Amino acid sequence: MILPLILVLASGMAHAVWSMFTKRSLNKSVFLWSIMMIPTVLLLPVLVVELSRDSLPVSAYALLIVSMALQALYSWLLSQTYELGDLSQIYPIMRGTSTLLVPLIGVAFLGERLSGFGWIGIACMIVGFVVLSGVGSRKGQAGSGVKGAKPVWMALCVGLCTTSYVFVDKLNLQHISPVALLEVTNIGFVAGLTPALLASGGLRREWKVNRLTILLGALLNPGSYLLFLFALEQAPMARLGPLREVGTVFAAFLGIWLLKEQQGMKRILCSIVIFGGILLIGMWG
């Protein structure tokens, strides 16, 4: 169990690091477009070959279009959220929202039940979200450099969008391979940021200033998920899935330590509480 644990921790760290690179970039839309365009170009032949070889029903193509549309919305929301909020504030909310929503949807609409640990996990996540949002504080988000609760709401929307495309992509996997589906989502992601890229005119400047981090981000973005897949070959999903969200803690530390964001201790503690809630829901909920 030691090797899969190391792989999962590395996966969470890799995801947090490329997110930190995005936060440090000059233009978030241009940076995200750049790191996603590289794997999009590399994987395009895989998608073309698979679609030309296999005949899919019209309903399958419709689902693929829905997935691309959700990815386009997700990429735009993600870029705007990174523009508005601190990494240590928005990252735990973005990553935790899906884990919070899925069990609640199951209880409300699918007749599922949560254990006592599951409800404690839900409570931990809600408390962490509320404290990170600054609700009840005299200045709302004092010291964050951000006006109002907009970044928090945007982070929640990112998490909601993530939840939506995960459900759609589970259906898509009935028709195409994971690698081909990854390319479909990449195309949607890039398409969602292309208008902002063209409007900014900042592609050359972004590459000039952040060439190294763009290349590293293009490696870490798919690499984080690849490390997780390697771990899944050696241990159960139910054990490893929640552990991957340790990235919420890593991101909080990176935001406070490297980006010099404020409210350090509070945000680190909140990220730990949210991660604890994710573990309770995922492993014992």
# chains A, B, ... in the order shown; residues from 1 in each chain; ligands from 1
$ closest_atom_pairs --of "segment 86-170 of chain A" --to "segment 62-70 of chain A" --cutoff "7 Å" --atoms "only C-alpha atoms" --output "JSON lines"
{"residue": "A:Cys161", "atom": "CA", "partner": "A:Leu70", "partner_atom": "CA", "distance": 6.8}
{"residue": "A:Tyr165", "atom": "CA", "partner": "A:Ser67", "partner_atom": "CA", "distance": 6.0}
{"residue": "A:Val168", "atom": "CA", "partner": "A:Ser67", "partner_atom": "CA", "distance": 6.3}
{"residue": "A:Asp169", "atom": "CA", "partner": "A:Ser67", "partner_atom": "CA", "distance": 6.7}
$ residues_around --residues "segment 40-43 of chain A" --least-positions-apart "2" --cutoff "8 Å" --atoms "only C-alpha atoms" --output "list in words"
Met36, Met37, Ile38, Pro45, Val46, Leu47, Val179, Ala180, Glu183, Asn186 and Ile187 of chain A
$ atom_distance --atom1 "atom CA of Asn210 of chain A" --atom2 "atom CA of Ser79 of chain A"
16.3 Å
$ closest_residue --among "A:Arg267, A:Leu232, A:Trp119, A:Gly247" --to "Leu3 of chain A" --atoms "only C-alpha atoms"
A:Leu232
$ residues_around --residues "Ala123 of chain A" --least-positions-apart "4" --cutoff "12 Å" --atoms "only C-alpha atoms" --output "list in words"
Leu100, Leu104, Gly116, Phe117, Gly118, Trp119, Val127, Gly128, Phe129, Val130, Val273, Ile274, Phe275, Gly276, Gly277, Ile278, Leu280 and Ile281 of chain A
$ write_last_selection --atoms "all heavy atoms" --output "CSV table (one decimal), in the first residue's frame"
chain,number,residue,atom,x,y,z
A,100,LEU,N,-18.8,17.1,-2.1
A,100,LEU,CA,-19.9,17.5,-1.2
A,100,LEU,C,-21.3,17.3,-1.9
A,100,LEU,O,-22.2,16.8,-1.3
A,100,LEU,CB,-19.8,19.0,-0.8
A,100,LEU,CG,-20.9,19.6,0.0
A,100,LEU,CD1,-21.0,19.0,1.4
A,100,LEU,CD2,-20.7,21.1,0.1
A,104,LEU,N,-24.9,14.4,-1.4
A,104,LEU,CA,-26.2,15.1,-1.1
A,104,LEU,C,-27.2,14.8,-2.2
A,104,LEU,O,-28.4,14.6,-1.9
A,104,LEU,CB,-25.9,16.6,-1.0
A,104,LEU,CG,-25.1,17.0,0.2
A,104,LEU,CD1,-24.9,18.5,0.2
A,104,LEU,CD2,-25.9,16.6,1.5
A,116,GLY,N,-23.1,7.9,9.8
A,116,GLY,CA,-22.8,9.0,10.7
A,116,GLY,C,-21.5,9.7,10.3
A,116,GLY,O,-21.4,11.0,10.4
A,117,PHE,N,-20.5,8.9,9.9
A,117,PHE,CA,-19.2,9.5,9.5
A,117,PHE,C,-19.4,10.4,8.2
A,117,PHE,O,-18.8,11.4,8.1
A,117,PHE,CB,-18.2,8.4,9.2
A,117,PHE,CG,-17.6,7.8,10.4
A,117,PHE,CD1,-17.8,6.5,10.7
A,117,PHE,CD2,-16.9,8.5,11.3
A,117,PHE,CE1,-17.3,5.9,11.8
A,117,PHE,CE2,-16.3,8.0,12.4
A,117,PHE,CZ,-16.6,6.6,12.7
A,118,GLY,N,-20.3,9.9,7.4
A,118,GLY,CA,-20.6,10.7,6.2
A,118,GLY,C,-21.2,12.1,6.5
A,118,GLY,O,-20.8,13.1,5.9
A,119,TRP,N,-22.1,12.1,7.4
A,119,TRP,CA,-22.7,13.4,7.8
A,119,TRP,C,-21.7,14.3,8.5
A,119,TRP,O,-21.8,15.5,8.3
A,119,TRP,CB,-24.0,13.2,8.6
A,119,TRP,CG,-25.2,12.7,7.8
A,119,TRP,CD1,-25.8,11.5,7.9
A,119,TRP,CD2,-25.9,13.4,6.8
A,119,TRP,NE1,-26.8,11.4,7.0
A,119,TRP,CE2,-26.9,12.6,6.3
A,119,TRP,CE3,-25.8,14.7,6.3
A,119,TRP,CZ2,-27.8,13.0,5.3
A,119,TRP,CZ3,-26.6,15.1,5.3
A,119,TRP,CH2,-27.6,14.3,4.9
A,127,VAL,N,-18.5,23.7,7.0
A,127,VAL,CA,-17.8,24.6,7.9
A,127,VAL,C,-16.6,25.2,7.3
A,127,VAL,O,-16.4,26.4,7.3
A,127,VAL,CB,-17.5,24.0,9.2
A,127,VAL,CG1,-16.5,24.8,10.1
A,127,VAL,CG2,-18.7,23.6,10.0
A,128,GLY,N,-15.8,24.4,6.6
A,128,GLY,CA,-14.6,24.9,5.9
A,128,GLY,C,-14.9,25.9,4.8
A,128,GLY,O,-14.3,26.9,4.7
A,129,PHE,N,-16.0,25.6,4.1
A,129,PHE,CA,-16.4,26.5,3.0
A,129,PHE,C,-16.8,27.8,3.5
A,129,PHE,O,-16.5,28.9,3.0
A,129,PHE,CB,-17.5,25.9,2.2
A,129,PHE,CG,-17.1,24.7,1.2
A,129,PHE,CD1,-15.8,24.3,1.2
A,129,PHE,CD2,-18.0,24.1,0.4
A,129,PHE,CE1,-15.4,23.3,0.4
A,129,PHE,CE2,-17.7,23.1,-0.4
A,129,PHE,CZ,-16.4,22.7,-0.5
A,130,VAL,N,-17.6,27.8,4.6
A,130,VAL,CA,-18.2,29.0,5.2
A,130,VAL,C,-17.0,29.9,5.7
A,130,VAL,O,-17.0,31.1,5.5
A,130,VAL,CB,-19.2,28.7,6.3
A,130,VAL,CG1,-19.6,30.0,7.0
A,130,VAL,CG2,-20.4,28.1,5.7
A,273,VAL,N,-9.5,20.8,7.3
A,273,VAL,CA,-10.9,20.4,7.7
A,273,VAL,C,-11.7,19.8,6.5
A,273,VAL,O,-12.4,18.8,6.6
A,273,VAL,CB,-11.6,21.5,8.4
A,273,VAL,CG1,-13.1,21.2,8.6
A,273,VAL,CG2,-11.0,21.9,9.7
A,274,ILE,N,-11.5,20.5,5.4
A,274,ILE,CA,-12.2,20.1,4.2
A,274,ILE,C,-11.7,18.8,3.7
A,274,ILE,O,-12.5,17.9,3.3
A,274,ILE,CB,-12.1,21.2,3.1
A,274,ILE,CG1,-12.9,22.4,3.4
A,274,ILE,CG2,-12.6,20.6,1.7
A,274,ILE,CD1,-12.6,23.6,2.5
A,275,PHE,N,-10.4,18.6,3.7
A,275,PHE,CA,-9.8,17.3,3.3
A,275,PHE,C,-10.2,16.2,4.3
A,275,PHE,O,-10.5,15.1,3.8
A,275,PHE,CB,-8.3,17.4,3.3
A,275,PHE,CG,-7.6,16.1,3.0
A,275,PHE,CD1,-7.8,15.4,1.9
A,275,PHE,CD2,-6.6,15.6,3.9
A,275,PHE,CE1,-7.2,14.2,1.6
A,275,PHE,CE2,-6.0,14.4,3.7
A,275,PHE,CZ,-6.3,13.7,2.5
A,276,GLY,N,-10.3,16.5,5.6
A,276,GLY,CA,-10.8,15.5,6.5
A,276,GLY,C,-12.3,15.1,6.2
A,276,GLY,O,-12.6,13.9,6.3
A,277,GLY,N,-13.1,16.1,5.8
A,277,GLY,CA,-14.5,15.8,5.5
A,277,GLY,C,-14.5,14.9,4.2
A,277,GLY,O,-15.3,14.0,4.1
A,278,ILE,N,-13.6,15.2,3.2
A,278,ILE,CA,-13.6,14.4,2.0
A,278,ILE,C,-13.2,12.9,2.4
A,278,ILE,O,-13.8,12.0,1.8
A,278,ILE,CB,-12.6,15.0,1.0
A,278,ILE,CG1,-13.1,16.3,0.5
A,278,ILE,CG2,-12.3,14.0,-0.1
A,278,ILE,CD1,-12.1,17.1,-0.3
A,280,LEU,N,-13.7,11.4,5.2
A,280,LEU,CA,-14.8,10.7,6.0
A,280,LEU,C,-15.9,10.3,5.0
A,280,LEU,O,-16.5,9.2,5.1
A,280,LEU,CB,-15.4,11.7,7.0
A,280,LEU,CG,-14.6,12.0,8.2
A,280,LEU,CD1,-15.2,13.1,9.1
A,280,LEU,CD2,-14.4,10.7,9.1
A,281,ILE,N,-16.3,11.2,4.0
A,281,ILE,CA,-17.3,10.8,3.1
A,281,ILE,C,-16.8,9.7,2.1
A,281,ILE,O,-17.6,8.7,1.9
A,281,ILE,CB,-17.7,12.0,2.2
A,281,ILE,CG1,-18.3,13.1,3.1
A,281,ILE,CG2,-18.7,11.7,1.1
A,281,ILE,CD1,-18.5,14.5,2.4
$ closest_residue --among "A:Ile93, A:Leu7, A:Ile268, A:Ala60" --to "Leu181 of chain A" --atoms "only C-alpha atoms"
A:Ala60
$ residues_around --residues "Ala72 of chain A" --least-positions-apart "3" --cutoff "8 Å" --atoms "only C-alpha atoms" --output "list in words"
Met68, Ala69, Ser75, Trp76, Gly188, Phe189, Val190, Ala191, Gly192 and Leu193 of chain A
$ atom_distance --atom1 "atom CA of Tyr225 of chain A" --atom2 "atom CA of Leu182 of chain A"
10.9 Å
$ residues_around --residues "segment 259-264 of chain A" --least-positions-apart "3" --cutoff "12 Å" --atoms "only C-alpha atoms" --output "MDAnalysis selection string"
chainID A and resid 17 19:25 85:90 131:134 141:146 249 251:256 267:271
$ select_by_dssp --residues "segment 21-189 of chain A" --states "helix (DSSP H, G or I)" --output "PyMOL selection string"
chain A and resi 21-24+28-53+58-84+87-109+116-133+150-172+178-189
$ residues_around --residues "segment 227-229 of chain A" --least-positions-apart "6" --cutoff "10 Å" --atoms "only C-alpha atoms" --output "VMD selection string"
chain A and resid 4 to 12 14 220 237 240 to 241 244
$ write_last_selection --atoms "all heavy atoms" --output "short mmCIF file (atom, residue, chain, number, x, y, z; two decimals), in the first residue's frame"
data_model
loop_
_atom_site.label_atom_id
_atom_site.label_comp_id
_atom_site.auth_asym_id
_atom_site.auth_seq_id
_atom_site.Cartn_x
_atom_site.Cartn_y
_atom_site.Cartn_z
N PRO A 4 1.25 2.87 -3.88
CA PRO A 4 0.07 3.63 -4.33
C PRO A 4 -0.17 4.89 -3.52
O PRO A 4 -0.63 5.90 -4.05
CB PRO A 4 -1.10 2.64 -4.19
CG PRO A 4 -0.57 1.44 -3.55
CD PRO A 4 0.92 1.47 -3.59
N LEU A 5 0.14 4.85 -2.22
CA LEU A 5 -0.03 6.03 -1.38
C LEU A 5 0.91 7.15 -1.85
O LEU A 5 0.50 8.31 -1.97
CB LEU A 5 0.25 5.68 0.08
CG LEU A 5 0.17 6.84 1.08
CD1 LEU A 5 -1.22 7.44 1.09
CD2 LEU A 5 0.57 6.38 2.47
N ILE A 6 2.17 6.79 -2.15
CA ILE A 6 3.13 7.78 -2.65
C ILE A 6 2.66 8.36 -3.98
O ILE A 6 2.74 9.57 -4.23
CB ILE A 6 4.51 7.14 -2.79
CG1 ILE A 6 5.08 6.77 -1.41
CG2 ILE A 6 5.48 8.09 -3.51
CD1 ILE A 6 6.38 6.00 -1.46
N LEU A 7 2.15 7.49 -4.87
CA LEU A 7 1.67 7.94 -6.17
C LEU A 7 0.49 8.91 -6.04
O LEU A 7 0.41 9.91 -6.75
CB LEU A 7 1.26 6.74 -7.02
CG LEU A 7 2.41 5.84 -7.51
CD1 LEU A 7 1.85 4.59 -8.18
CD2 LEU A 7 3.33 6.59 -8.44
N VAL A 8 -0.41 8.61 -5.11
CA VAL A 8 -1.57 9.48 -4.92
C VAL A 8 -1.16 10.82 -4.34
O VAL A 8 -1.66 11.87 -4.75
CB VAL A 8 -2.62 8.79 -4.00
CG1 VAL A 8 -3.69 9.77 -3.58
CG2 VAL A 8 -3.26 7.63 -4.74
N LEU A 9 -0.25 10.81 -3.38
CA LEU A 9 0.25 12.06 -2.83
C LEU A 9 0.95 12.89 -3.91
O LEU A 9 0.77 14.11 -3.98
CB LEU A 9 1.21 11.78 -1.68
CG LEU A 9 0.60 11.17 -0.41
CD1 LEU A 9 1.68 10.86 0.62
CD2 LEU A 9 -0.44 12.10 0.20
N ALA A 10 1.73 12.22 -4.77
CA ALA A 10 2.39 12.92 -5.86
C ALA A 10 1.37 13.48 -6.84
O ALA A 10 1.54 14.58 -7.39
CB ALA A 10 3.35 11.98 -6.58
N SER A 11 0.29 12.74 -7.08
CA SER A 11 -0.78 13.20 -7.96
C SER A 11 -1.43 14.48 -7.43
O SER A 11 -1.64 15.45 -8.17
CB SER A 11 -1.84 12.11 -8.13
OG SER A 11 -2.96 12.58 -8.84
N GLY A 12 -1.74 14.47 -6.13
CA GLY A 12 -2.34 15.65 -5.52
C GLY A 12 -1.40 16.85 -5.55
O GLY A 12 -1.82 17.99 -5.81
N ALA A 14 1.05 17.37 -7.77
CA ALA A 14 1.20 17.82 -9.15
C ALA A 14 0.02 18.71 -9.56
O ALA A 14 0.21 19.74 -10.22
CB ALA A 14 1.30 16.61 -10.09
N LEU A 220 2.41 18.48 -16.03
CA LEU A 220 1.81 18.16 -14.74
C LEU A 220 0.29 17.97 -14.83
O LEU A 220 -0.28 17.19 -14.07
CB LEU A 220 2.12 19.27 -13.73
CG LEU A 220 3.57 19.40 -13.29
CD1 LEU A 220 3.75 20.63 -12.41
CD2 LEU A 220 4.02 18.15 -12.54
N MET A 237 -10.19 1.95 -5.71
CA MET A 237 -10.61 3.32 -5.96
C MET A 237 -11.18 3.97 -4.70
O MET A 237 -10.93 5.13 -4.41
CB MET A 237 -11.66 3.33 -7.07
CG MET A 237 -12.36 4.66 -7.27
SD MET A 237 -11.40 5.75 -8.31
CE MET A 237 -12.57 7.08 -8.54
N LEU A 240 -8.33 5.24 -2.59
CA LEU A 240 -7.40 6.22 -3.15
C LEU A 240 -8.07 7.52 -3.59
O LEU A 240 -7.45 8.58 -3.55
CB LEU A 240 -6.66 5.61 -4.34
CG LEU A 240 -5.76 4.40 -4.02
CD1 LEU A 240 -5.07 3.93 -5.28
CD2 LEU A 240 -4.74 4.73 -2.94
N GLY A 241 -9.34 7.43 -4.06
CA GLY A 241 -10.02 8.61 -4.57
C GLY A 241 -10.02 9.78 -3.60
O GLY A 241 -9.60 10.89 -3.94
N ARG A 244 -6.60 11.56 -2.94
CA ARG A 244 -6.06 12.45 -3.97
C ARG A 244 -6.37 13.92 -3.66
O ARG A 244 -5.64 14.82 -4.08
CB ARG A 244 -6.63 12.08 -5.33
CG ARG A 244 -5.95 12.82 -6.49
CD ARG A 244 -6.49 12.38 -7.82
NE ARG A 244 -5.81 13.05 -8.91
CZ ARG A 244 -6.42 13.67 -9.91
NH1 ARG A 244 -7.73 13.70 -9.97
NH2 ARG A 244 -5.73 14.27 -10.86
#
$ residues_around --residues "Glu206 of chain A" --least-positions-apart "5" --cutoff "10 Å" --atoms "only C-alpha atoms" --output "PyMOL selection string"
chain A and resi 25-28+30-31+34+201+211+214
$ write_last_selection --atoms "N, CA, C and O atoms" --output "PDB file, in the first residue's frame"
ATOM      1  N   SER A  25       0.418  33.274 -13.260  1.00  0.00           N
ATOM      2  CA  SER A  25       0.577  33.690 -14.648  1.00  0.00           C
ATOM      3  C   SER A  25       0.083  35.115 -14.876  1.00  0.00           C
ATOM      4  O   SER A  25      -0.657  35.671 -14.057  1.00  0.00           O
ATOM      5  N   LEU A  26       0.477  35.687 -16.000  1.00  0.00           N
ATOM      6  CA  LEU A  26       0.051  37.045 -16.338  1.00  0.00           C
ATOM      7  C   LEU A  26      -1.426  37.089 -16.705  1.00  0.00           C
ATOM      8  O   LEU A  26      -2.174  37.941 -16.236  1.00  0.00           O
ATOM      9  N   ASN A  27      -1.831  36.187 -17.579  1.00  0.00           N
ATOM     10  CA  ASN A  27      -3.218  36.105 -18.027  1.00  0.00           C
ATOM     11  C   ASN A  27      -3.668  34.663 -17.871  1.00  0.00           C
ATOM     12  O   ASN A  27      -3.179  33.766 -18.557  1.00  0.00           O
ATOM     13  N   LYS A  28      -4.618  34.433 -16.963  1.00  0.00           N
ATOM     14  CA  LYS A  28      -5.020  33.062 -16.629  1.00  0.00           C
ATOM     15  C   LYS A  28      -5.620  32.335 -17.826  1.00  0.00           C
ATOM     16  O   LYS A  28      -5.378  31.143 -18.034  1.00  0.00           O
ATOM     17  N   VAL A  30      -5.009  32.822 -21.061  1.00  0.00           N
ATOM     18  CA  VAL A  30      -3.947  32.507 -22.016  1.00  0.00           C
ATOM     19  C   VAL A  30      -3.080  31.364 -21.496  1.00  0.00           C
ATOM     20  O   VAL A  30      -2.698  30.449 -22.248  1.00  0.00           O
ATOM     21  N   PHE A  31      -2.762  31.395 -20.208  1.00  0.00           N
ATOM     22  CA  PHE A  31      -1.908  30.349 -19.626  1.00  0.00           C
ATOM     23  C   PHE A  31      -2.607  28.997 -19.687  1.00  0.00           C
ATOM     24  O   PHE A  31      -2.012  27.994 -20.112  1.00  0.00           O
ATOM     25  N   SER A  34      -2.754  27.648 -23.136  1.00  0.00           N
ATOM     26  CA  SER A  34      -1.445  27.173 -23.599  1.00  0.00           C
ATOM     27  C   SER A  34      -1.125  25.788 -23.058  1.00  0.00           C
ATOM     28  O   SER A  34      -0.660  24.914 -23.812  1.00  0.00           O
ATOM     29  N   GLY A 201      -4.708  39.131 -26.923  1.00  0.00           N
ATOM     30  CA  GLY A 201      -3.492  39.360 -27.700  1.00  0.00           C
ATOM     31  C   GLY A 201      -2.221  39.150 -26.899  1.00  0.00           C
ATOM     32  O   GLY A 201      -1.167  39.683 -27.250  1.00  0.00           O
ATOM     33  N   ARG A 211       7.387  30.677 -20.197  1.00  0.00           N
ATOM     34  CA  ARG A 211       7.578  29.509 -21.066  1.00  0.00           C
ATOM     35  C   ARG A 211       7.818  28.237 -20.258  1.00  0.00           C
ATOM     36  O   ARG A 211       7.220  27.188 -20.528  1.00  0.00           O
ATOM     37  N   ILE A 214       4.683  27.042 -18.400  1.00  0.00           N
ATOM     38  CA  ILE A 214       3.686  26.524 -19.352  1.00  0.00           C
ATOM     39  C   ILE A 214       4.028  25.085 -19.728  1.00  0.00           C
ATOM     40  O   ILE A 214       3.164  24.199 -19.731  1.00  0.00           O
TER      41      ILE A 214
END
$ closest_residue --among "A:Ile176, A:Ile105, A:Met283, A:Ala149" --to "Pro236 of chain A" --atoms "only C-alpha atoms"
A:Met283
$ atom_distance --atom1 "atom CA of Ser52 of chain A" --atom2 "atom CA of Pro222 of chain A"
24.7 Å
$ closest_residue --among "A:Gly111, A:Gly223, A:Pro178, A:Pro242" --to "Trp284 of chain A" --atoms "only C-alpha atoms"
A:Pro242
